[in-house]
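For reference, model.txt (compact mmCIF, C-alpha atoms and all ligand atoms):
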```txt
# COMPACT_ATOMS: atom_id res chain seq x y z
CA MET A 601 12.74 -22.16 -24.97
CA LEU A 602 15.96 -21.11 -23.27
CA HIS A 603 14.21 -21.09 -19.96
CA GLU A 604 15.48 -23.59 -17.48
CA THR A 605 14.94 -24.10 -13.80
CA LYS A 606 17.58 -26.59 -12.82
CA ARG A 607 17.55 -27.43 -9.16
CA CYS A 608 20.81 -26.31 -7.59
CA ALA A 609 22.16 -27.93 -4.47
CA GLY A 610 23.54 -25.50 -1.92
CA PRO A 611 22.67 -23.45 1.14
CA ILE A 612 18.97 -23.30 0.18
CA ASP A 613 18.70 -27.08 0.23
CA ALA A 614 20.55 -27.21 3.52
CA ALA A 615 18.16 -24.68 5.02
CA MET A 616 15.15 -26.60 3.68
CA ASP A 617 16.40 -29.69 5.50
CA ALA A 618 16.47 -27.86 8.85
CA PRO A 619 12.79 -27.83 9.74
CA ALA A 620 12.91 -26.12 13.11
CA ALA A 621 14.97 -23.11 12.03
CA ALA A 622 13.84 -22.80 8.41
CA VAL A 623 11.84 -19.73 7.45
CA PHE A 624 10.64 -21.44 4.28
CA SER A 625 9.45 -24.90 3.34
CA ALA A 626 8.61 -27.00 0.31
CA ARG A 627 5.05 -27.42 1.54
CA ARG A 628 2.15 -25.05 1.02
CA SER A 629 -0.11 -25.17 4.05
CA VAL A 630 -2.51 -22.33 3.21
CA GLN A 631 -5.69 -22.93 1.19
CA ALA A 632 -7.64 -20.42 -0.89
CA PRO A 633 -11.29 -20.08 0.16
CA PRO A 634 -13.99 -21.32 -2.23
CA LEU A 635 -14.82 -18.69 -4.83
CA ASN A 636 -18.31 -17.75 -6.02
CA LEU A 637 -17.68 -16.37 -9.49
CA PRO A 638 -19.50 -13.19 -10.52
CA ALA A 639 -22.06 -13.67 -13.31
CA GLY A 640 -20.42 -13.81 -16.73
CA PHE A 641 -16.93 -14.54 -15.36
CA ARG A 642 -16.03 -17.69 -17.25
CA PRO A 643 -12.72 -19.19 -16.12
CA ASN A 644 -10.02 -19.99 -18.68
CA THR A 645 -11.40 -17.58 -21.28
CA ARG A 646 -10.30 -14.20 -22.66
CA LEU A 647 -12.77 -11.76 -21.07
CA LYS A 648 -13.10 -8.45 -22.90
CA MET A 649 -13.69 -5.81 -20.23
CA ASP A 650 -12.09 -3.07 -18.16
CA GLY A 651 -9.69 -4.53 -15.60
CA LEU A 652 -10.89 -2.15 -12.87
CA ASP A 653 -14.49 -3.36 -13.32
CA PHE A 654 -13.16 -6.93 -13.32
CA LEU A 655 -11.34 -6.40 -10.03
CA SER A 656 -14.21 -4.66 -8.29
CA ALA A 657 -16.55 -7.57 -9.18
CA LEU A 658 -14.25 -10.15 -7.56
CA PRO A 659 -14.92 -11.19 -3.95
CA GLY A 660 -12.40 -9.83 -1.43
CA ALA A 661 -9.56 -11.83 0.17
CA ALA A 662 -10.14 -14.88 -2.07
CA ILE A 663 -7.39 -15.08 -4.72
CA PRO A 664 -3.97 -16.67 -4.03
CA VAL A 665 -2.08 -15.29 -7.03
CA ALA A 666 -2.29 -12.32 -9.35
CA PHE A 667 -0.20 -11.03 -12.23
CA PHE A 668 -0.23 -7.40 -13.36
CA ASP A 669 1.64 -5.96 -16.32
CA PRO A 670 0.58 -2.31 -16.61
CA GLN A 671 0.49 -0.53 -19.94
CA TYR A 672 2.92 2.14 -18.73
CA ARG A 673 2.16 5.65 -19.92
CA GLY A 674 5.43 6.84 -18.31
CA VAL A 675 7.61 5.00 -20.81
CA LEU A 676 6.15 6.85 -23.75
CA GLU A 677 6.28 10.20 -21.95
CA LYS A 678 9.80 10.01 -20.54
CA LEU A 679 11.73 7.77 -22.91
CA SER A 680 10.61 9.31 -26.18
CA TYR A 681 12.94 8.76 -29.11
CA GLY A 682 10.86 11.08 -31.26
CA ASN A 683 9.43 8.51 -33.61
CA GLU A 684 7.01 6.60 -31.31
CA GLY A 685 3.80 5.68 -33.04
CA LYS A 686 5.29 6.57 -36.44
CA THR A 687 8.22 4.39 -37.47
CA ARG A 688 8.45 2.42 -34.23
CA GLY A 689 6.19 1.39 -31.35
CA THR A 690 3.03 1.66 -33.44
CA ARG A 691 1.37 -1.41 -31.89
CA ARG A 692 2.32 -0.21 -28.40
CA CYS A 693 0.94 3.30 -29.02
CA ALA A 694 -2.37 1.83 -30.17
CA LEU A 695 -2.97 0.23 -26.74
CA GLU A 696 -4.76 2.04 -23.91
CA GLN A 697 -2.04 3.60 -21.70
CA MET A 698 -2.28 3.63 -17.90
CA SER A 699 -1.44 6.71 -15.83
CA GLU A 700 0.17 6.29 -12.39
CA ALA A 701 -3.25 7.01 -10.82
CA VAL A 702 -4.85 4.20 -12.84
CA ILE A 703 -2.01 1.82 -11.94
CA GLY A 704 -2.61 2.68 -8.26
CA ARG A 705 -6.30 1.85 -8.66
CA PHE A 706 -5.44 -1.53 -10.23
CA LEU A 707 -3.06 -2.27 -7.35
CA ARG A 708 -5.67 -1.42 -4.73
CA GLY A 709 -8.17 -3.66 -6.55
CA ILE A 710 -5.68 -6.53 -6.64
CA ASP A 711 -4.82 -5.97 -2.98
CA ARG A 712 -8.51 -6.27 -2.10
CA ALA A 713 -8.95 -9.47 -4.12
CA LEU A 714 -5.86 -11.27 -2.77
CA MET A 715 -6.24 -13.67 0.14
CA PRO A 716 -3.98 -13.14 3.18
CA SER A 717 -0.38 -14.02 2.22
CA GLY A 718 -1.44 -14.11 -1.45
CA HIS A 719 1.09 -12.99 -4.08
CA LEU A 720 1.15 -10.41 -6.85
CA PHE A 721 3.72 -10.64 -9.67
CA LEU A 722 4.10 -7.09 -11.00
CA TRP A 723 5.96 -6.59 -14.28
CA VAL A 724 8.13 -3.45 -14.45
CA ASP A 725 10.74 -2.15 -16.85
CA LYS A 726 14.12 -0.62 -15.97
CA PHE A 727 12.74 2.91 -15.95
CA HIS A 728 10.05 2.18 -13.38
CA LEU A 729 12.35 -0.07 -11.38
CA CYS A 730 14.79 2.81 -10.91
CA GLN A 731 12.07 5.38 -10.25
CA GLY A 732 10.66 3.07 -7.60
CA VAL A 733 7.27 1.45 -7.40
CA ARG A 734 6.89 1.76 -3.62
CA PRO A 735 4.58 4.83 -3.70
CA TRP A 736 2.09 2.90 -5.84
CA LEU A 737 1.56 0.53 -2.92
CA ASP A 738 0.41 3.21 -0.49
CA GLY A 739 -2.90 2.25 1.07
CA THR A 740 -2.44 -1.47 0.31
CA ALA A 741 -1.30 -4.42 2.44
CA LEU A 742 1.26 -5.41 -0.23
CA ASP A 743 4.98 -5.75 0.63
CA ILE A 744 7.83 -6.18 -1.86
CA VAL A 745 9.43 -9.55 -1.10
CA ASP A 746 11.58 -10.37 -4.13
CA LEU A 747 12.58 -9.46 -7.69
CA VAL A 748 13.06 -11.69 -10.75
CA THR A 749 14.94 -10.42 -13.80
CA TRP A 750 13.69 -11.70 -17.13
CA ASP A 751 16.44 -11.80 -19.75
CA LYS A 752 14.51 -11.59 -23.00
CA GLY A 753 17.48 -12.70 -25.05
CA THR A 754 16.82 -9.92 -27.58
CA ILE A 755 18.22 -6.41 -27.49
CA GLY A 756 16.00 -3.30 -27.42
CA MET A 757 16.46 0.47 -27.28
CA GLY A 758 18.33 2.72 -24.80
CA TYR A 759 20.26 6.01 -24.85
CA ARG A 760 23.26 4.38 -23.17
CA THR A 761 23.04 0.62 -22.55
CA ARG A 762 20.36 -1.16 -24.53
CA ARG A 763 17.50 -2.94 -22.84
CA ARG A 764 17.49 -6.70 -22.77
CA ALA A 765 15.70 -7.32 -19.47
CA GLU A 766 12.40 -6.69 -17.74
CA TYR A 767 11.66 -7.22 -14.10
CA CYS A 768 8.99 -8.99 -12.12
CA VAL A 769 8.53 -7.51 -8.65
CA VAL A 770 7.20 -10.14 -6.26
CA LEU A 771 4.68 -8.71 -3.80
CA GLN A 772 2.93 -10.45 -0.98
CA LYS A 773 -0.16 -9.39 0.86
CA GLN A 774 0.30 -9.35 4.62
CA PRO A 775 0.98 -11.41 6.64
CA ARG A 776 4.32 -11.65 4.87
CA LYS A 777 5.88 -15.10 5.10
CA ALA A 778 7.55 -17.67 2.86
CA LYS A 779 7.24 -20.75 5.03
CA GLY A 780 4.11 -22.72 4.25
CA VAL A 781 3.20 -20.37 1.40
CA TRP A 782 6.00 -20.41 -1.23
CA LYS A 783 6.71 -24.02 -1.96
CA THR A 784 9.33 -24.30 -4.72
CA HIS A 785 12.92 -23.22 -4.29
CA ASN A 786 14.52 -23.79 -7.67
CA ILE A 787 13.54 -20.57 -9.45
CA PRO A 788 16.64 -18.44 -10.12
CA ASP A 789 16.30 -14.66 -9.87
CA VAL A 790 17.57 -14.23 -13.44
CA VAL A 791 15.74 -16.26 -16.07
CA GLN A 792 16.25 -16.30 -19.82
CA GLU A 793 13.23 -17.15 -21.92
CA GLN A 794 12.56 -16.04 -25.47
CA VAL A 795 9.06 -14.93 -26.32
CA SER A 796 7.40 -14.23 -29.64
CA ARG A 797 5.88 -10.75 -29.81
CA ARG A 798 3.78 -11.73 -32.80
CA ASP A 799 0.50 -11.72 -30.85
CA HIS A 800 1.20 -8.75 -28.56
CA PRO A 801 4.08 -6.23 -28.24
CA HIS A 802 4.36 -6.84 -24.48
CA ALA A 803 3.88 -10.61 -24.25
CA LYS A 804 5.55 -12.03 -21.16
CA PRO A 805 7.30 -15.40 -20.62
CA VAL A 806 4.83 -18.25 -20.16
CA ASP A 807 7.17 -20.73 -18.48
CA LEU A 808 8.53 -18.25 -15.93
CA GLN A 809 5.03 -17.07 -15.03
CA GLY A 810 3.96 -20.73 -14.74
CA ASP A 811 6.84 -21.48 -12.36
CA LEU A 812 6.00 -18.43 -10.21
CA MET A 813 2.29 -19.23 -10.06
CA ALA A 814 3.00 -22.88 -9.18
CA ALA A 815 5.22 -21.75 -6.30
CA VAL A 816 2.36 -19.91 -4.59
CA SER A 817 -0.78 -21.91 -5.39
CA HIS A 818 -2.24 -25.38 -5.52
CA GLU A 819 -3.54 -27.12 -8.63
CA GLY A 820 -7.01 -25.78 -9.43
CA ASP A 821 -6.43 -22.46 -7.59
CA PHE A 822 -7.35 -19.21 -9.31
CA ALA A 823 -4.73 -16.97 -10.91
CA ILE A 824 -5.97 -13.56 -12.08
CA ASP A 825 -4.68 -11.02 -14.59
CA PRO A 826 -6.77 -7.86 -15.06
CA ALA A 827 -4.80 -6.52 -18.08
CA ALA A 828 -3.88 -9.74 -19.80
CA GLY A 829 -2.69 -8.60 -23.27
CA SER A 830 -1.80 -11.80 -25.13
CA PHE A 831 -3.19 -13.85 -22.22
CA SER A 832 0.21 -15.38 -21.50
CA VAL A 833 -0.96 -15.96 -17.89
CA LEU A 834 -3.92 -17.98 -19.24
CA GLN A 835 -1.43 -20.17 -21.12
CA ALA A 836 0.76 -20.46 -18.01
CA ALA A 837 -2.26 -21.41 -15.88
CA GLN A 838 -3.34 -24.10 -18.34
CA ASN A 839 0.19 -25.52 -18.42
CA ARG A 840 0.28 -25.66 -14.61
CA ARG A 841 -3.32 -26.82 -14.07
CA ARG A 842 -4.43 -23.60 -12.38
CA THR A 843 -7.71 -21.79 -13.13
CA PHE A 844 -7.28 -18.52 -14.99
CA LEU A 845 -9.54 -15.54 -14.56
CA GLY A 846 -8.68 -12.38 -16.43
CA CYS A 847 -9.50 -9.78 -19.02
CA ASP A 848 -8.15 -7.13 -21.33
CA LEU A 849 -9.85 -4.09 -22.87
CA ASN A 850 -9.17 -5.71 -26.22
CA GLY A 851 -10.23 -9.22 -25.18
C1 LIG A 901 1.66 -4.59 -21.01
S1 LIG A 901 0.23 -5.25 -21.72
C2 LIG A 901 0.04 -6.82 -20.98
C3 LIG A 901 0.83 -7.90 -21.68
C4 LIG A 901 0.62 -9.29 -21.06
N1 LIG A 901 1.24 -9.38 -19.77
C5 LIG A 901 1.14 -10.37 -21.96
O1 LIG A 901 1.91 -11.24 -21.51
O2 LIG A 901 0.78 -10.38 -23.15
C6 LIG A 901 -1.02 -4.29 -20.96
C7 LIG A 901 -2.42 -4.52 -21.49
O3 LIG A 901 -3.29 -3.72 -20.70
C8 LIG A 901 -4.44 -3.46 -21.49
N2 LIG A 901 -5.21 -2.41 -20.82
C9 LIG A 901 -4.98 -1.08 -20.75
N3 LIG A 901 -5.92 -0.48 -19.96
C10 LIG A 901 -6.73 -1.48 -19.52
C11 LIG A 901 -7.89 -1.52 -18.67
N4 LIG A 901 -8.37 -0.42 -18.11
N5 LIG A 901 -8.47 -2.72 -18.43
C12 LIG A 901 -7.98 -3.87 -18.98
N6 LIG A 901 -6.91 -3.89 -19.80
C13 LIG A 901 -6.29 -2.71 -20.05
C14 LIG A 901 -3.87 -3.13 -22.86
O4 LIG A 901 -4.84 -3.37 -23.87
C15 LIG A 901 -2.67 -4.10 -22.94
O5 LIG A 901 -2.98 -5.25 -23.70
```

Please, can you express the file's structure as structure tokens?
Amino acid sequence: MLHETKRCAGPIDAAMDAPAAAVFSARRSVQAPPLNLPAGFRPNTRLKMDGLDFLSALPGAAIPVAFFDPQYRGVLEKLSYGNEGKTRGTRRCALEQMSEAVIGRFLRGIDRALMPSGHLFLWVDKFHLCQGVRPWLDGTALDIVDLVTWDKGTIGMGYRTRRRAEYCVVLQKQPRKAKGVWKTHNIPDVVQEQVSRRDHPHAKPVDLQGDLMAAVSHEGDFAIDPAAGSFSVLQAAQNRRRTFLGCDLNG
């Protein structure tokens, strides 16, 4: 793994040492409420079901951390190179694609499931980052609070520059605050981590997702992913001693 999260001394550390004025801390003071799992929802397994059904079965305001990596229909529609599904992108084309309306429904379901000040890590590509994801959040209590760039270390397609990065938008359910909620301060906003795409064409970095989840949860807390693909978030949760709950249409 190229991923590294070296702790860097600097203004952040200085601010952390100034308790009265600091807006963030290295302590997490919020606790997730106890969760009564719906029937058939076995933690730390690969559930095969529709993510919208999964979300609507979860109790409201109970989950501290969620990941969502939509299967973007827009990429195929707007960035067509003419050979998708034929000579390239065949595995991607075989997956169920999500329209913007479906993505909005997922986001409203996640918003409902998150506890107050809970976090959502939303994966986006360059196209959707530039188009803007803000309208998808209409009708939710989710605010954009940060952005992490994932440098995949491998070069992809592009009409002009070629894609090497994807982006993780950090969202927080209101009330928006870092202090007492986000407890680690050594995650850089550009992270290089190489990932095998053998199991899934969209697999995301396990270590980075583990670092993010650990920053906003306690050991044992639930982390959900309603469209889990290769179940990289399950792996991240196991590595960081969190409890995974998630599904994919393909299990
Ligand atoms: C971009 S991939 C997720 C990749 C994942 N983050 C990983 O690290 O492997 C999106 C996934 O959403 C799944 N999917 C599409 N529609 C779905 C739905 N309605 N419910 C659950 N999963 C769905 C697809 O099968 C696909 O595996």

Tell me, as a PDB file with C-alpha atoms, in the frame of the given file, which residues lie within 9 Å of range 810-823 of chain A, counting only C-alpha atoms; anything in the same chain fewer than 2 positions away does not count.
```
ATOM      1  CA  THR A 605      14.940 -24.100 -13.800  1.00  0.00           C
ATOM      2  CA  ARG A 628       2.150 -25.050   1.020  1.00  0.00           C
ATOM      3  CA  VAL A 630      -2.510 -22.330   3.210  1.00  0.00           C
ATOM      4  CA  GLN A 631      -5.690 -22.930   1.190  1.00  0.00           C
ATOM      5  CA  ALA A 632      -7.640 -20.420  -0.890  1.00  0.00           C
ATOM      6  CA  LEU A 635     -14.820 -18.690  -4.830  1.00  0.00           C
ATOM      7  CA  PRO A 643     -12.720 -19.190 -16.120  1.00  0.00           C
ATOM      8  CA  ALA A 662     -10.140 -14.880  -2.070  1.00  0.00           C
ATOM      9  CA  ILE A 663      -7.390 -15.080  -4.720  1.00  0.00           C
ATOM     10  CA  PRO A 664      -3.970 -16.670  -4.030  1.00  0.00           C
ATOM     11  CA  VAL A 665      -2.080 -15.290  -7.030  1.00  0.00           C
ATOM     12  CA  ALA A 666      -2.290 -12.320  -9.350  1.00  0.00           C
ATOM     13  CA  PHE A 667      -0.200 -11.030 -12.230  1.00  0.00           C
ATOM     14  CA  GLY A 718      -1.440 -14.110  -1.450  1.00  0.00           C
ATOM     15  CA  HIS A 719       1.090 -12.990  -4.080  1.00  0.00           C
ATOM     16  CA  PHE A 721       3.720 -10.640  -9.670  1.00  0.00           C
ATOM     17  CA  VAL A 781       3.200 -20.370   1.400  1.00  0.00           C
ATOM     18  CA  TRP A 782       6.000 -20.410  -1.230  1.00  0.00           C
ATOM     19  CA  LYS A 783       6.710 -24.020  -1.960  1.00  0.00           C
ATOM     20  CA  THR A 784       9.330 -24.300  -4.720  1.00  0.00           C
ATOM     21  CA  HIS A 785      12.920 -23.220  -4.290  1.00  0.00           C
ATOM     22  CA  ILE A 787      13.540 -20.570  -9.450  1.00  0.00           C
ATOM     23  CA  PRO A 805       7.300 -15.400 -20.620  1.00  0.00           C
ATOM     24  CA  VAL A 806       4.830 -18.250 -20.160  1.00  0.00           C
ATOM     25  CA  ASP A 807       7.170 -20.730 -18.480  1.00  0.00           C
ATOM     26  CA  LEU A 808       8.530 -18.250 -15.930  1.00  0.00           C
ATOM     27  CA  ASP A 825      -4.680 -11.020 -14.590  1.00  0.00           C
ATOM     28  CA  VAL A 833      -0.960 -15.960 -17.890  1.00  0.00           C
ATOM     29  CA  LEU A 834      -3.920 -17.980 -19.240  1.00  0.00           C
ATOM     30  CA  GLN A 835      -1.430 -20.170 -21.120  1.00  0.00           C
ATOM     31  CA  ALA A 836       0.760 -20.460 -18.010  1.00  0.00           C
ATOM     32  CA  ALA A 837      -2.260 -21.410 -15.880  1.00  0.00           C
ATOM     33  CA  GLN A 838      -3.340 -24.100 -18.340  1.00  0.00           C
ATOM     34  CA  ASN A 839       0.190 -25.520 -18.420  1.00  0.00           C
ATOM     35  CA  ARG A 840       0.280 -25.660 -14.610  1.00  0.00           C
ATOM     36  CA  ARG A 841      -3.320 -26.820 -14.070  1.00  0.00           C
ATOM     37  CA  ARG A 842      -4.430 -23.600 -12.380  1.00  0.00           C
ATOM     38  CA  THR A 843      -7.710 -21.790 -13.130  1.00  0.00           C
ATOM     39  CA  PHE A 844      -7.280 -18.520 -14.990  1.00  0.00           C
ATOM     40  CA  LEU A 845      -9.540 -15.540 -14.560  1.00  0.00           C
ATOM     41  CA  GLY A 846      -8.680 -12.380 -16.430  1.00  0.00           C
TER      42      GLY A 846
END
```

Inset, instruction - Kindly provide, as number ranges by chain, all nucleotide and amino acid residues lying within 10 Å of ligand LIG 901 (chain A), counting only C-alpha atoms and all ligand atoms. - result: A: 647-655, 667-673, 692, 694-699, 702-703, 705-706, 722-724, 795, 797, 799-806, 809, 825-836, 846-851

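You will find CA of Ala657 in chain A at 15.2 Å from CA of Met715 in chain A.
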
Inset, instruction - Could you check which of A:Leu637, A:Ile824, A:Gln772, A:Lys777 is closest to Val623 in chain A, using only C-alpha atoms? - result: A:Lys777

Inset, instruction - Pick out the closest residue to Ala713 in chain A from this set: A:Pro788, A:Pro659, A:Pro633, A:Gly780. Count all atoms listed in the file. - result: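 Of the candidates, the smallest distance to Ala713 in chain A is held by A:Pro659.
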
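Of the residues under consideration (A:Cys693, A:Ala701, A:Leu658, A:Ala622), A:Ala701 shows the shortest atom-to-atom contact distance to Pro735 in chain A when counting all atoms listed in the file.
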
Inset, instruction - Could you jot down the CA of Leu737 in chain A to CA of Cys768 in chain A separation for me, Å, one decimal place? - result: 15.2 Å

Legend entry - Test item: residues at most 12 Å from Asp751 in chain A, only C-alpha atoms, excluding those fewer than 6 positions along its chain, as a PyMOL selection string: chain A and resi 602-603+725+763-768+788-795+804-805+808

Legend entry - Distance query 6 Å from (11.2, -10.1, -12.8) using all atoms listed in the file, result as a list in words: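 Residues with an atom close enough to that point: Leu747, Val748, Thr749, Trp750, Tyr767, Cys768 and Val769 of chain A.
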
Inset, instruction - Counting only C-alpha atoms, note down every residue that has an atom within 12 Å of the point (5.1, -4.4, 0.6) (file coordinates), as an MDAnalysis selection string. - result: chainID A and resid 707 711 717:720 722 733:746 769:777

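One distance worth recording is that between CA of Gly709 in chain A and CA of Ala661 in chain A, which is 10.7 Å.
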
Inset, instruction - Counting all atoms listed in the file, figure out which residue out of A:Phe624, A:Tyr759, A:Phe641, A:Phe727 gets nearest to Lys779 in chain A. - result: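 Ranked by minimum distance to Lys779 in chain A, first place goes to A:Phe624.
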